[in-house]
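Quick look at start_26.txt (compact mmCIF, C-alpha atoms and all ligand atoms):
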# COMPACT_ATOMS: atom_id res chain seq x y z
CA MET Z 1 -13.41 -41.82 52.17
CA LEU Z 2 -11.83 -41.57 48.72
CA ILE Z 3 -9.53 -38.62 48.18
CA ILE Z 4 -7.92 -37.41 44.97
CA ARG Z 5 -4.33 -36.17 45.22
CA PRO Z 6 -1.31 -35.67 42.94
CA ILE Z 7 0.62 -38.87 42.23
CA ALA Z 8 3.87 -39.28 44.20
CA LYS Z 9 7.04 -41.33 43.67
CA GLN Z 10 5.91 -44.00 46.15
CA ASP Z 11 2.81 -44.70 44.02
CA PHE Z 12 4.90 -46.47 41.36
CA GLN Z 13 3.77 -49.98 42.25
CA ALA Z 14 0.14 -48.94 42.31
CA LEU Z 15 0.52 -47.32 38.89
CA GLN Z 16 2.23 -50.45 37.58
CA GLU Z 17 -0.75 -52.51 38.75
CA ILE Z 18 -3.22 -50.13 37.10
CA ALA Z 19 -1.21 -50.23 33.86
CA GLU Z 20 -1.52 -54.02 33.91
CA GLN Z 21 -5.26 -53.94 34.61
CA SER Z 22 -6.11 -51.25 32.05
CA GLY Z 23 -5.07 -53.45 29.11
CA ILE Z 24 -4.31 -52.92 25.44
CA GLY Z 25 -5.68 -49.76 23.84
CA PHE Z 26 -5.37 -47.74 27.04
CA THR Z 27 -2.59 -45.87 25.31
CA SER Z 28 -1.37 -43.62 28.11
CA LEU Z 29 -0.43 -46.45 30.52
CA PRO Z 30 1.87 -48.84 28.63
CA GLN Z 31 3.50 -51.63 30.62
CA ASN Z 32 6.95 -50.12 30.76
CA ASP Z 33 8.44 -49.43 34.19
CA GLU Z 34 10.86 -46.73 33.05
CA LEU Z 35 8.09 -44.88 31.27
CA LEU Z 36 5.73 -45.11 34.25
CA LYS Z 37 8.50 -43.75 36.52
CA ALA Z 38 9.11 -40.93 34.04
CA LYS Z 39 5.39 -40.16 33.98
CA ILE Z 40 5.34 -39.85 37.77
CA ALA Z 41 8.42 -37.60 37.73
CA ARG Z 42 6.93 -35.40 34.99
CA SER Z 43 3.72 -35.04 36.99
CA VAL Z 44 5.57 -34.16 40.21
CA ASN Z 45 7.47 -31.44 38.28
CA SER Z 46 4.28 -30.18 36.64
CA PHE Z 47 2.48 -29.65 39.96
CA ALA Z 48 5.61 -27.95 41.37
CA CYS Z 49 6.23 -25.64 38.41
CA GLN Z 50 5.12 -22.03 38.60
CA THR Z 51 3.63 -21.00 35.29
CA ASP Z 52 0.89 -18.81 33.92
CA LYS Z 53 0.58 -20.48 30.54
CA PRO Z 54 0.04 -24.04 29.34
CA GLY Z 55 3.18 -25.86 28.26
CA ASP Z 56 4.62 -29.35 28.44
CA GLN Z 57 2.97 -30.25 31.75
CA GLY Z 58 1.14 -33.47 32.53
CA TYR Z 59 -0.78 -33.72 35.80
CA LEU Z 60 -1.49 -37.20 37.10
CA PHE Z 61 -3.83 -37.71 40.05
CA VAL Z 62 -4.55 -40.82 42.08
CA ALA Z 63 -7.57 -41.86 44.11
CA GLU Z 64 -6.62 -43.08 47.59
CA ASP Z 65 -8.89 -45.00 49.92
CA THR Z 66 -8.16 -43.27 53.23
CA GLU Z 67 -9.25 -46.30 55.26
CA THR Z 68 -6.79 -48.73 53.67
CA GLY Z 69 -4.24 -46.37 52.12
CA GLU Z 70 -4.72 -48.25 48.83
CA VAL Z 71 -4.42 -46.36 45.54
CA VAL Z 72 -7.50 -47.42 43.58
CA GLY Z 73 -7.52 -45.21 40.50
CA THR Z 74 -5.86 -42.60 38.31
CA ALA Z 75 -6.89 -39.58 36.27
CA GLY Z 76 -4.75 -37.23 34.20
CA ILE Z 77 -4.74 -33.86 32.47
CA GLU Z 78 -2.28 -32.76 29.80
CA ALA Z 79 -1.91 -28.96 29.89
CA SER Z 80 -1.72 -28.59 26.14
CA VAL Z 81 -1.09 -31.26 23.52
CA GLY Z 82 1.01 -31.27 20.36
CA LEU Z 83 3.46 -28.53 21.34
CA THR Z 84 6.54 -30.76 21.61
CA ASP Z 85 5.53 -33.52 19.17
CA ALA Z 86 2.78 -33.75 16.57
CA PHE Z 87 -0.67 -34.78 17.80
CA TYR Z 88 -2.69 -36.61 15.14
CA HIS Z 89 -6.36 -37.30 14.47
CA TYR Z 90 -8.50 -38.37 11.58
CA ARG Z 91 -11.20 -35.84 10.71
CA LEU Z 92 -14.31 -37.44 9.33
CA GLY Z 93 -15.54 -35.27 6.45
CA SER Z 94 -17.58 -35.59 3.28
CA VAL Z 95 -16.97 -35.07 -0.41
CA VAL Z 96 -19.74 -34.92 -2.94
CA HIS Z 97 -19.37 -36.60 -6.33
CA SER Z 98 -22.08 -35.04 -8.42
CA SER Z 99 -23.01 -35.09 -12.09
CA PRO Z 100 -26.22 -33.13 -12.66
CA GLU Z 101 -26.17 -34.22 -16.33
CA LEU Z 102 -26.35 -37.89 -15.38
CA GLY Z 103 -28.53 -37.19 -12.36
CA ILE Z 104 -25.98 -38.76 -10.03
CA HIS Z 105 -25.23 -37.19 -6.64
CA LYS Z 106 -23.22 -39.18 -4.16
CA THR Z 107 -21.86 -38.08 -0.79
CA VAL Z 108 -18.80 -40.03 0.25
CA LYS Z 109 -17.25 -39.93 3.73
CA THR Z 110 -13.52 -39.34 4.03
CA LEU Z 111 -10.93 -39.58 6.79
CA SER Z 112 -8.20 -36.93 6.64
CA LEU Z 113 -5.08 -36.91 8.81
CA CYS Z 114 -4.85 -33.64 10.77
CA ASN Z 115 -3.34 -31.89 13.79
CA ASP Z 116 -6.42 -29.78 14.54
CA TYR Z 117 -6.35 -30.23 18.33
CA THR Z 118 -2.84 -28.81 18.77
CA GLY Z 119 -2.84 -26.57 21.87
CA ALA Z 120 -5.91 -28.12 23.51
CA ALA Z 121 -5.82 -29.49 27.06
CA GLU Z 122 -6.47 -33.24 27.27
CA LEU Z 123 -8.16 -35.43 29.86
CA CYS Z 124 -6.58 -38.86 29.97
CA THR Z 125 -5.67 -41.94 31.98
CA LEU Z 126 -9.03 -42.29 33.74
CA PHE Z 127 -9.11 -45.66 35.49
CA LEU Z 128 -10.82 -46.93 38.64
CA LYS Z 129 -10.16 -50.43 39.97
CA LYS Z 130 -13.21 -52.66 39.59
CA SER Z 131 -13.47 -53.10 43.37
CA HIS Z 132 -14.16 -49.38 43.73
CA ARG Z 133 -16.57 -48.80 40.83
CA ARG Z 134 -19.49 -47.90 43.07
CA GLY Z 135 -21.32 -44.89 44.52
CA SER Z 136 -19.93 -41.57 43.37
CA ASN Z 137 -16.29 -42.76 43.12
CA GLY Z 138 -16.12 -42.68 39.30
CA ARG Z 139 -17.76 -39.26 39.20
CA LEU Z 140 -15.40 -37.93 41.89
CA LEU Z 141 -12.33 -39.16 40.02
CA ALA Z 142 -13.43 -37.75 36.66
CA LYS Z 143 -14.83 -34.46 37.96
CA SER Z 144 -12.12 -33.57 40.48
CA ARG Z 145 -9.94 -32.62 37.50
CA PHE Z 146 -12.41 -29.89 36.54
CA LEU Z 147 -12.18 -28.28 40.00
CA PHE Z 148 -8.41 -28.23 39.55
CA MET Z 149 -8.76 -26.66 36.09
CA ALA Z 150 -11.26 -24.10 37.40
CA SER Z 151 -8.85 -23.05 40.16
CA HIS Z 152 -5.84 -22.88 37.81
CA PRO Z 153 -7.26 -21.84 34.41
CA LEU Z 154 -4.07 -20.24 33.08
CA ARG Z 155 -2.30 -23.62 33.15
CA PHE Z 156 -4.55 -25.18 30.49
CA GLY Z 157 -5.56 -24.75 26.86
CA ASP Z 158 -8.96 -23.05 26.34
CA THR Z 159 -10.53 -26.18 24.86
CA VAL Z 160 -10.33 -29.54 26.58
CA ILE Z 161 -10.53 -32.83 24.70
CA ALA Z 162 -10.61 -36.51 25.62
CA GLU Z 163 -9.65 -39.38 23.34
CA MET Z 164 -11.94 -42.26 24.12
CA ARG Z 165 -10.68 -45.80 23.78
CA GLY Z 166 -12.02 -47.36 20.58
CA VAL Z 167 -13.20 -50.88 19.85
CA SER Z 168 -10.76 -53.78 20.22
CA ASP Z 169 -11.11 -57.29 21.64
CA GLU Z 170 -9.29 -58.90 24.57
CA GLN Z 171 -6.43 -60.03 22.36
CA GLY Z 172 -6.03 -56.45 21.18
CA ARG Z 173 -7.51 -56.98 17.72
CA SER Z 174 -8.97 -53.73 16.43
CA PRO Z 175 -11.15 -53.92 13.30
CA PHE Z 176 -10.09 -50.44 12.21
CA TRP Z 177 -6.39 -51.10 12.73
CA GLN Z 178 -6.72 -54.45 10.94
CA TRP Z 179 -7.57 -52.60 7.76
CA LEU Z 180 -4.71 -50.10 8.14
CA GLN Z 181 -2.32 -52.93 8.94
CA GLU Z 182 -3.29 -54.86 5.83
CA HIS Z 183 -2.60 -51.91 3.56
CA PHE Z 184 0.02 -49.72 5.19
CA PHE Z 185 1.79 -51.19 8.21
CA ASP Z 186 3.59 -54.31 9.22
CA LEU Z 187 2.71 -53.76 12.90
CA ASP Z 188 -0.07 -55.19 15.04
CA PHE Z 189 -2.38 -52.93 17.08
CA PRO Z 190 -0.86 -53.71 20.52
CA THR Z 191 2.61 -52.76 19.18
CA ALA Z 192 1.38 -49.57 17.51
CA ASP Z 193 -0.54 -48.58 20.65
CA TYR Z 194 2.50 -49.35 22.82
CA LEU Z 195 4.87 -47.33 20.61
CA THR Z 196 2.49 -44.37 20.79
CA GLY Z 197 2.20 -44.75 24.57
CA ILE Z 198 5.97 -44.60 25.03
CA GLY Z 199 6.23 -41.56 22.75
CA GLU Z 200 7.78 -43.32 19.72
CA LYS Z 201 5.39 -41.72 17.28
CA ARG Z 202 7.62 -40.96 14.31
CA PHE Z 203 6.35 -44.05 12.51
CA ILE Z 204 2.93 -42.41 12.26
CA ALA Z 205 4.24 -39.59 10.11
CA GLU Z 206 6.37 -42.02 8.13
CA LEU Z 207 3.82 -44.75 7.41
CA MET Z 208 0.31 -43.40 7.84
CA PRO Z 209 -1.65 -42.81 4.60
CA LYS Z 210 -1.18 -39.14 3.73
CA TYR Z 211 -4.10 -38.68 1.36
CA PRO Z 212 -7.68 -38.75 2.61
CA ILE Z 213 -9.17 -42.25 2.84
CA TYR Z 214 -12.56 -42.97 1.32
CA VAL Z 215 -14.51 -44.59 4.16
CA ASN Z 216 -16.57 -46.76 1.79
CA LEU Z 217 -13.35 -48.50 0.70
CA LEU Z 218 -12.69 -49.76 4.25
CA SER Z 219 -13.85 -53.19 5.35
CA LYS Z 220 -17.40 -53.23 6.74
CA ALA Z 221 -16.01 -54.17 10.19
CA ALA Z 222 -13.69 -51.16 10.12
CA GLN Z 223 -16.46 -48.78 8.99
CA ASP Z 224 -18.73 -49.99 11.78
CA VAL Z 225 -16.36 -48.98 14.61
CA ILE Z 226 -15.60 -45.42 13.44
CA GLY Z 227 -16.55 -43.12 16.34
CA GLN Z 228 -17.50 -46.09 18.60
CA VAL Z 229 -16.07 -46.62 22.10
CA HIS Z 230 -14.75 -49.77 23.77
CA PRO Z 231 -17.47 -51.28 26.03
CA SER Z 232 -15.46 -50.54 29.20
CA THR Z 233 -15.27 -46.88 28.18
CA GLU Z 234 -19.07 -46.34 28.05
CA PRO Z 235 -19.19 -44.96 31.62
CA ALA Z 236 -16.28 -42.57 30.89
CA ILE Z 237 -17.92 -41.08 27.81
CA ALA Z 238 -21.30 -40.90 29.60
CA LEU Z 239 -19.65 -38.82 32.33
CA LEU Z 240 -18.09 -36.44 29.79
CA LYS Z 241 -21.28 -36.03 27.75
CA LYS Z 242 -23.06 -34.98 30.92
CA GLU Z 243 -20.37 -32.34 31.39
CA GLY Z 244 -21.17 -30.92 27.95
CA PHE Z 245 -18.51 -32.67 25.84
CA ARG Z 246 -19.40 -33.28 22.19
CA TYR Z 247 -18.09 -35.51 19.39
CA LYS Z 248 -17.15 -33.31 16.42
CA ASN Z 249 -16.13 -36.02 13.96
CA TYR Z 250 -12.53 -36.46 15.09
CA VAL Z 251 -11.37 -40.03 15.68
CA ASP Z 252 -8.26 -41.84 16.83
CA ILE Z 253 -5.92 -42.78 13.98
CA PHE Z 254 -5.44 -46.37 15.25
CA ASP Z 255 -8.76 -47.64 16.57
CA ALA Z 256 -11.10 -44.85 15.33
CA GLY Z 257 -12.38 -44.21 18.89
CA PRO Z 258 -14.11 -40.82 19.18
CA THR Z 259 -12.46 -37.67 20.54
CA VAL Z 260 -14.84 -35.41 22.42
CA GLU Z 261 -14.31 -31.72 23.17
CA CYS Z 262 -15.63 -28.80 25.21
CA PRO Z 263 -14.43 -25.24 25.90
CA VAL Z 264 -13.09 -25.40 29.48
CA ASP Z 265 -15.40 -22.63 30.72
CA HIS Z 266 -18.45 -24.51 29.36
CA VAL Z 267 -17.71 -27.73 31.27
CA GLU Z 268 -20.58 -28.22 33.71
CA THR Z 269 -18.41 -28.74 36.79
CA VAL Z 270 -16.34 -25.65 35.91
CA ARG Z 271 -19.44 -23.49 35.25
CA TYR Z 272 -21.36 -24.52 38.35
CA SER Z 273 -18.43 -24.76 40.76
CA GLN Z 274 -18.04 -21.99 43.29
CA ALA Z 275 -15.20 -20.41 45.20
CA VAL Z 276 -16.04 -20.64 48.92
CA VAL Z 277 -14.50 -19.96 52.31
CA ILE Z 278 -14.27 -23.01 54.59
CA ARG Z 279 -15.89 -22.98 58.00
CA ILE Z 280 -15.21 -25.91 60.29
CA GLY Z 281 -17.71 -26.96 62.91
CA GLU Z 282 -21.12 -28.48 63.59
CA LEU Z 283 -23.16 -29.12 60.43
CA ALA Z 284 -26.57 -27.54 60.20
CA THR Z 285 -29.25 -29.76 58.69
CA PRO Z 286 -29.97 -30.44 55.96
CA ALA Z 287 -26.38 -31.09 54.94
CA THR Z 288 -25.84 -32.25 51.34
CA GLU Z 289 -23.06 -33.77 49.21
CA PHE Z 290 -20.47 -31.52 47.63
CA LEU Z 291 -17.44 -32.24 45.56
CA LEU Z 292 -14.82 -30.14 47.37
CA ALA Z 293 -11.20 -29.32 46.55
CA ASN Z 294 -8.58 -27.10 48.05
CA THR Z 295 -6.86 -24.62 45.73
CA CYS Z 296 -3.30 -25.95 46.21
CA LEU Z 297 -1.00 -27.37 43.53
CA THR Z 298 1.36 -29.95 45.07
CA ASN Z 299 -0.93 -30.36 48.08
CA TYR Z 300 -4.10 -30.59 45.97
CA ARG Z 301 -6.83 -32.71 47.55
CA ALA Z 302 -10.42 -33.33 46.44
CA GLY Z 303 -13.21 -35.48 47.82
CA VAL Z 304 -16.93 -35.79 48.28
CA VAL Z 305 -18.04 -34.25 51.58
CA THR Z 306 -21.28 -33.76 53.44
CA ALA Z 307 -21.58 -30.04 53.98
CA HIS Z 308 -23.81 -27.08 54.41
CA GLN Z 309 -23.49 -23.99 52.22
CA GLN Z 310 -24.45 -20.54 53.34
CA GLU Z 311 -23.74 -17.72 50.92
CA GLY Z 312 -19.99 -17.78 50.24
CA GLU Z 313 -19.18 -20.17 53.09
CA LEU Z 314 -19.09 -23.95 53.21
CA PHE Z 315 -19.41 -25.63 56.60
CA ILE Z 316 -17.71 -29.03 56.99
CA ASP Z 317 -16.64 -31.12 59.97
CA ALA Z 318 -13.07 -31.28 61.20
CA LYS Z 319 -12.40 -34.83 59.96
CA GLN Z 320 -13.35 -34.05 56.37
CA ALA Z 321 -11.41 -30.77 56.51
CA ALA Z 322 -8.27 -32.60 57.68
CA MET Z 323 -8.55 -35.15 54.83
CA LEU Z 324 -8.59 -32.31 52.31
CA GLY Z 325 -5.85 -30.27 53.98
CA LEU Z 326 -8.27 -27.45 54.76
CA SER Z 327 -8.31 -25.09 57.77
CA ASP Z 328 -11.00 -22.71 58.95
CA GLY Z 329 -10.99 -19.59 56.74
CA ASP Z 330 -9.21 -21.25 53.77
CA GLY Z 331 -10.43 -20.64 50.23
CA ALA Z 332 -11.68 -23.75 48.38
CA ARG Z 333 -13.79 -24.70 45.35
CA CYS Z 334 -16.96 -26.76 45.55
CA PHE Z 335 -19.61 -28.25 43.30
CA ALA Z 336 -23.00 -29.38 44.63
CA MET Z 337 -23.37 -33.03 43.55
CA SER Z 338 -27.11 -32.46 43.15
CA SER Z 339 -26.48 -29.82 40.46
CA ASP Z 340 -25.44 -32.56 38.02
CA SER Z 341 -29.01 -32.19 36.77
CA ASN Z 342 -28.08 -28.69 35.54
CA SER Z 343 -26.52 -30.46 32.59
CA THR Z 344 -27.94 -29.22 29.29
CA SER Z 345 -28.13 -32.70 27.77
CA SER Z 346 -26.93 -36.23 28.35
C1 LIG M 1 -14.44 -44.56 33.75
C2 LIG M 1 -14.62 -45.10 35.14
C3 LIG M 1 -13.56 -44.51 36.06
C4 LIG M 1 -16.01 -44.64 35.69
O1 LIG M 1 -16.28 -45.22 36.93
P1 LIG M 1 -17.64 -46.06 37.17
O2 LIG M 1 -17.69 -47.18 36.17
O3 LIG M 1 -17.71 -46.40 38.63
O4 LIG M 1 -18.73 -44.93 36.83
P2 LIG M 1 -20.31 -44.94 37.06
O5 LIG M 1 -20.58 -43.83 38.04
O6 LIG M 1 -20.82 -46.31 37.37
O7 LIG M 1 -20.85 -44.57 35.64
C5 LIG M 1 -20.69 -43.28 35.12
C6 LIG M 1 -21.91 -42.96 34.27
O8 LIG M 1 -21.92 -43.84 33.13
C7 LIG M 1 -23.17 -44.49 33.02
N1 LIG M 1 -22.93 -45.82 32.45
C8 LIG M 1 -22.40 -46.88 33.05
N2 LIG M 1 -22.30 -47.92 32.21
C9 LIG M 1 -22.80 -47.50 31.02
C10 LIG M 1 -22.97 -48.11 29.75
N3 LIG M 1 -22.60 -49.36 29.53
N4 LIG M 1 -23.49 -47.38 28.76
C11 LIG M 1 -23.84 -46.07 28.96
N5 LIG M 1 -23.70 -45.44 30.16
C12 LIG M 1 -23.18 -46.14 31.17
C13 LIG M 1 -23.70 -44.53 34.44
O9 LIG M 1 -25.11 -44.64 34.45
C14 LIG M 1 -23.23 -43.19 35.00
O10 LIG M 1 -24.10 -42.15 34.59
P3 LIG M 1 -24.97 -41.34 35.66
O11 LIG M 1 -23.97 -40.60 36.51
O12 LIG M 1 -25.81 -40.44 34.84
O13 LIG M 1 -25.73 -42.38 36.43
C15 LIG M 1 -14.57 -46.66 35.14
O14 LIG M 1 -15.69 -47.17 34.44
C16 LIG M 1 -13.30 -47.22 34.52
O15 LIG M 1 -12.25 -47.26 35.16
N6 LIG M 1 -13.38 -47.73 33.28
C17 LIG M 1 -12.30 -48.51 32.62
C18 LIG M 1 -11.21 -47.66 32.07
C19 LIG M 1 -11.60 -46.77 30.90
O16 LIG M 1 -12.10 -47.26 29.88
N7 LIG M 1 -11.33 -45.49 31.06
C20 LIG M 1 -11.61 -44.47 30.09
C21 LIG M 1 -10.51 -44.41 29.04
S1 LIG M 1 -10.69 -42.93 28.08
C22 LIG M 1 -9.85 -41.74 28.95
O17 LIG M 1 -9.11 -42.00 29.86
C23 LIG M 1 -10.18 -40.33 28.60
C24 LIG M 1 -11.39 -39.85 29.31
C25 LIG M 1 -11.12 -39.15 30.64
O18 LIG M 1 -9.96 -39.07 31.07
O19 LIG M 1 -12.09 -38.61 31.25
N1 LIG M 2 -6.45 -45.75 21.12
C1 LIG M 2 -7.13 -44.86 21.72
N2 LIG M 2 -8.23 -44.39 21.21
N3 LIG M 2 -6.69 -44.47 22.83
C2 LIG M 2 -7.38 -43.60 23.66
C3 LIG M 2 -6.68 -43.62 24.91
C4 LIG M 2 -7.55 -43.85 26.09
C5 LIG M 2 -7.33 -42.84 27.14
N4 LIG M 2 -7.68 -41.54 26.66
C6 LIG M 2 -5.91 -42.82 27.64
O1 LIG M 2 -5.54 -41.86 28.24
O2 LIG M 2 -5.14 -43.73 27.56
Translate the structure of the given file into structure tokens.
Amino acid sequence: MLIIRPIAKQDFQALQEIAEQSGIGFTSLPQNDELLKAKIARSVNSFACQTDKPGDQGYLFVAEDTETGEVVGTAGIEASVGLTDAFYHYRLGSVVHSSPELGIHKTVKTLSLCNDYTGAAELCTLFLKKSHRRGSNGRLLAKSRFLFMASHPLRFGDTVIAEMRGVSDEQGRSPFWQWLQEHFFDLDFPTADYLTGIGEKRFIAELMPKYPIYVNLLSKAAQDVIGQVHPSTEPAIALLKKEGFRYKNYVDIFDAGPTVECPVDHVETVRYSQAVVIRIGELATPATEFLLANTCLTNYRAGVVTAHQQEGELFIDAKQAAMLGLSDGDGARCFAMSSDSNSTSS
């Protein structure tokens, strides 16, 4: 069974391995041991802190294979971005150049630097080792965060966003960055991405073009990747679109990958999840698959279980209950895996 739990200090090596595997452009996991240790410590403090409003908390979860004890994936949530340092995007807009006298009307796309997502919660750091990309593992890892948010809504911004990794090749060459580099920076994409990942973001404010950029002046290769995701990120964006996330013309300032957004209470897993009381014992048939999480903070656990729901109660067997730290009579939150089809679009 795969369970999702908060990251702990002893997961450092596993996180280091995931940082190595995730590669360039996966901004939130740079290969820097001190930073990874600091990320773990920040997460441990975030789960432990008592708060009723979003602040500088970052929650990092891991997926653990209970049979081998191996950590096989990560997923994160930032409570609210841009409150301690500026959080930048490019907003893709339009300007119209029009001369009725000459009969010329031209709409030109522009990219404007902005901080519009300040205060939003952010999903990040979603990674599953290739060996475990099967069955419902990816869905469990991505969705378990929404059960956590549904149980602890006061800890997060009202809107949740996700910055999707944009297009770059295996050497870390990004067509969009290439253009910026030629005109404004003397830094390659891997270095810029690394500096952002370790929080050294002052150079953005200092060097980034401050006036809107006319998109038609960019190279064709750069124009083509605006709002496009890296091939390995297709499953991640597919999962979020099914949850109701939408692209509203905001892109990453380095690789032009799309940012998608959704009000937290509109996210499918949040909307269709239910608070239930756990009953442990024999399962009645037909039992079906549920995503189930306890309502704890530091002892948070989530997993996919076979269960039987009757009104406000969810019946599970003792083994599954033990894995999720649940006892008979405990409150929990569940989502019927079959209700994924409730999604309004894909
Ligand atoms: C993202 C995950 C964890 C997802 O796990 P899996 O690949 O096992 O997921 P899956 O269940 O096979 O696929 C999820 C859904 O995507 C669909 N799908 C799969 N491949 C696709 C493709 N090439 N194009 C379009 N859709 C595709 C599947 O049909 C499925 O939809 P149905 O359910 O309808 O069948 C993994 O792919 C991964 O680790 N990727 C590499 C790292 C990465 O790029 N991470 C995202 C960075 S961006 C980030 O972290 C922010 C986003 C976030 O945190 O959520
Ligand atoms: N350059 C980018 N577009 N980066 C997006 C970052 C990918 C992913 N959201 C992360 O947490 O790392």
Practice item. Select the residues contacting ligand LIG 2 (chain M) at a distance of at most 10 Å, based on only C-alpha atoms and all ligand atoms, then format the selection as a PyMOL selection string. Key: chain Z and resi 19+22-30+75-78+89+122-127+161-168+174+177+189-190+192-194+196-197+227-230+233+236+251-259
Review point. Hey, which of Z:Lys130, Z:Lys9, Z:Arg173, Z:Arg301 ends up closest to ligand LIG 1 (chain M)? Count all atoms listed in the file.
Key: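 For ligand LIG 1 (chain M), the nearest of the candidates is Z:Lys130.
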Check your understanding: Contacts of Ile7 (chain Z) at 7 Å or less, counting all atoms listed in the file, minus same-chain residues fewer than 6 places along, as a ChimeraX atom specification?
Key -> /Z:40,60-62
Point to revise | For Ala321 (chain Z), the nearest of the candidates Z:Lys53, Z:Arg279, Z:Arg333, Z:Lys201, counting only C-alpha atoms | key: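 Result for the nearest residue to Ala321 (chain Z): Z:Arg279.
CA of Arg133 (chain Z) sits 9.3 Å away from atom C17 of ligand LIG 1 (chain M).
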Practice item. Pick out the closest residue to Thr74 (chain Z) from this set: Z:Pro231, Z:Gly244, Z:Pro6, Z:Gly119. Count all atoms listed in the file. Key: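 Ranking Z:Pro231, Z:Gly244, Z:Pro6, Z:Gly119 by distance to Thr74 (chain Z), first place goes to Z:Pro6.
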**Study point:** Counting all atoms listed in the file, the residue of Z:Met337, Z:Ala221, Z:Leu283, Z:Leu140 that sits nearest Gln320 (chain Z)
**Key:**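 Nearest candidate to Gln320 (chain Z) out of Z:Met337, Z:Ala221, Z:Leu283, Z:Leu140: Z:Leu283.
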Practice item. In Å, rounded to a single decimal, give me how far CA of Val264 (chain Z) is from CA of Gly157 (chain Z). Key: 8.0 Å
**Study point:** Selected residue, from Z:Leu83, Z:Ala238, Z:Ala120, Z:Ile204, that lies nearest to ligand LIG 1 (chain M) when counting all atoms listed in the file
**Key:** Z:Ala238
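Minimum distance to Gln171 (chain Z) across Z:Lys248, Z:Asp188, Z:Leu207, Z:Gln309 (counting only C-alpha atoms) occurs at Z:Asp188.
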**Study point:** Atomic separation - CA of Thr68 (chain Z) relative to CA of Leu324 (chain Z), Å
**Key:**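 The value is 16.6 Å.
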Review point. Around (-9.5, -44.5, 51.0) in the file's frame, which residues reach within 12 Å when counting all atoms listed in the file? Return as a list in words?
Key: Met1, Leu2, Ile3, Ile4, Arg5, Val62, Ala63, Glu64, Asp65, Thr66, Glu67, Thr68, Gly69, Glu70, Val71, Val72, Gly73, His132, Asn137, Gly303, Val304 and Met323 of chain Z
Practice item. Using only C-alpha atoms, determine which residues lie at most 7 Å from region 143-150 of chain Z, disregarding the query and same-chain residues fewer than 2 positions distant; provide the list as number ranges by chain. Key: Z: 139-141, 152-153, 269-270, 293, 302, 333
Could you pull region 44-53 of chain Z out of the structure just shown and give N, CA, C and O atoms as a PDB file, in the first residue's frame?
ATOM      1  N   VAL Z  44       8.346  20.472   8.706  1.00  0.00           N
ATOM      2  CA  VAL Z  44       8.064  19.907  10.033  1.00  0.00           C
ATOM      3  C   VAL Z  44       7.455  21.000  10.927  1.00  0.00           C
ATOM      4  O   VAL Z  44       6.450  20.786  11.611  1.00  0.00           O
ATOM      5  N   ASN Z  45       8.025  22.211  10.876  1.00  0.00           N
ATOM      6  CA  ASN Z  45       7.496  23.319  11.686  1.00  0.00           C
ATOM      7  C   ASN Z  45       6.098  23.729  11.235  1.00  0.00           C
ATOM      8  O   ASN Z  45       5.254  24.095  12.039  1.00  0.00           O
ATOM      9  N   SER Z  46       5.857  23.672   9.926  1.00  0.00           N
ATOM     10  CA  SER Z  46       4.548  24.087   9.408  1.00  0.00           C
ATOM     11  C   SER Z  46       3.444  23.153   9.895  1.00  0.00           C
ATOM     12  O   SER Z  46       2.376  23.615  10.314  1.00  0.00           O
ATOM     13  N   PHE Z  47       3.710  21.829   9.827  1.00  0.00           N
ATOM     14  CA  PHE Z  47       2.689  20.886  10.299  1.00  0.00           C
ATOM     15  C   PHE Z  47       2.457  21.058  11.808  1.00  0.00           C
ATOM     16  O   PHE Z  47       1.356  20.862  12.289  1.00  0.00           O
ATOM     17  N   ALA Z  48       3.540  21.421  12.542  1.00  0.00           N
ATOM     18  CA  ALA Z  48       3.425  21.512  14.005  1.00  0.00           C
ATOM     19  C   ALA Z  48       2.785  22.824  14.451  1.00  0.00           C
ATOM     20  O   ALA Z  48       2.264  22.908  15.564  1.00  0.00           O
ATOM     21  N   CYS Z  49       2.817  23.844  13.585  1.00  0.00           N
ATOM     22  CA  CYS Z  49       2.379  25.166  14.056  1.00  0.00           C
ATOM     23  C   CYS Z  49       0.854  25.248  14.150  1.00  0.00           C
ATOM     24  O   CYS Z  49       0.135  24.691  13.339  1.00  0.00           O
ATOM     25  N   GLN Z  50       0.396  25.906  15.203  1.00  0.00           N
ATOM     26  CA  GLN Z  50      -1.045  26.111  15.374  1.00  0.00           C
ATOM     27  C   GLN Z  50      -1.362  27.461  14.774  1.00  0.00           C
ATOM     28  O   GLN Z  50      -0.827  28.466  15.195  1.00  0.00           O
ATOM     29  N   THR Z  51      -2.195  27.499  13.764  1.00  0.00           N
ATOM     30  CA  THR Z  51      -2.538  28.787  13.166  1.00  0.00           C
ATOM     31  C   THR Z  51      -3.925  28.711  12.559  1.00  0.00           C
ATOM     32  O   THR Z  51      -4.388  27.634  12.178  1.00  0.00           O
ATOM     33  N   ASP Z  52      -4.579  29.877  12.481  1.00  0.00           N
ATOM     34  CA  ASP Z  52      -5.881  29.875  11.823  1.00  0.00           C
ATOM     35  C   ASP Z  52      -5.883  30.830  10.633  1.00  0.00           C
ATOM     36  O   ASP Z  52      -6.911  31.279  10.178  1.00  0.00           O
ATOM     37  N   LYS Z  53      -4.655  31.161  10.162  1.00  0.00           N
ATOM     38  CA  LYS Z  53      -4.585  31.913   8.902  1.00  0.00           C
ATOM     39  C   LYS Z  53      -3.324  31.526   8.122  1.00  0.00           C
ATOM     40  O   LYS Z  53      -2.312  31.138   8.720  1.00  0.00           O
TER      41      LYS Z  53
END
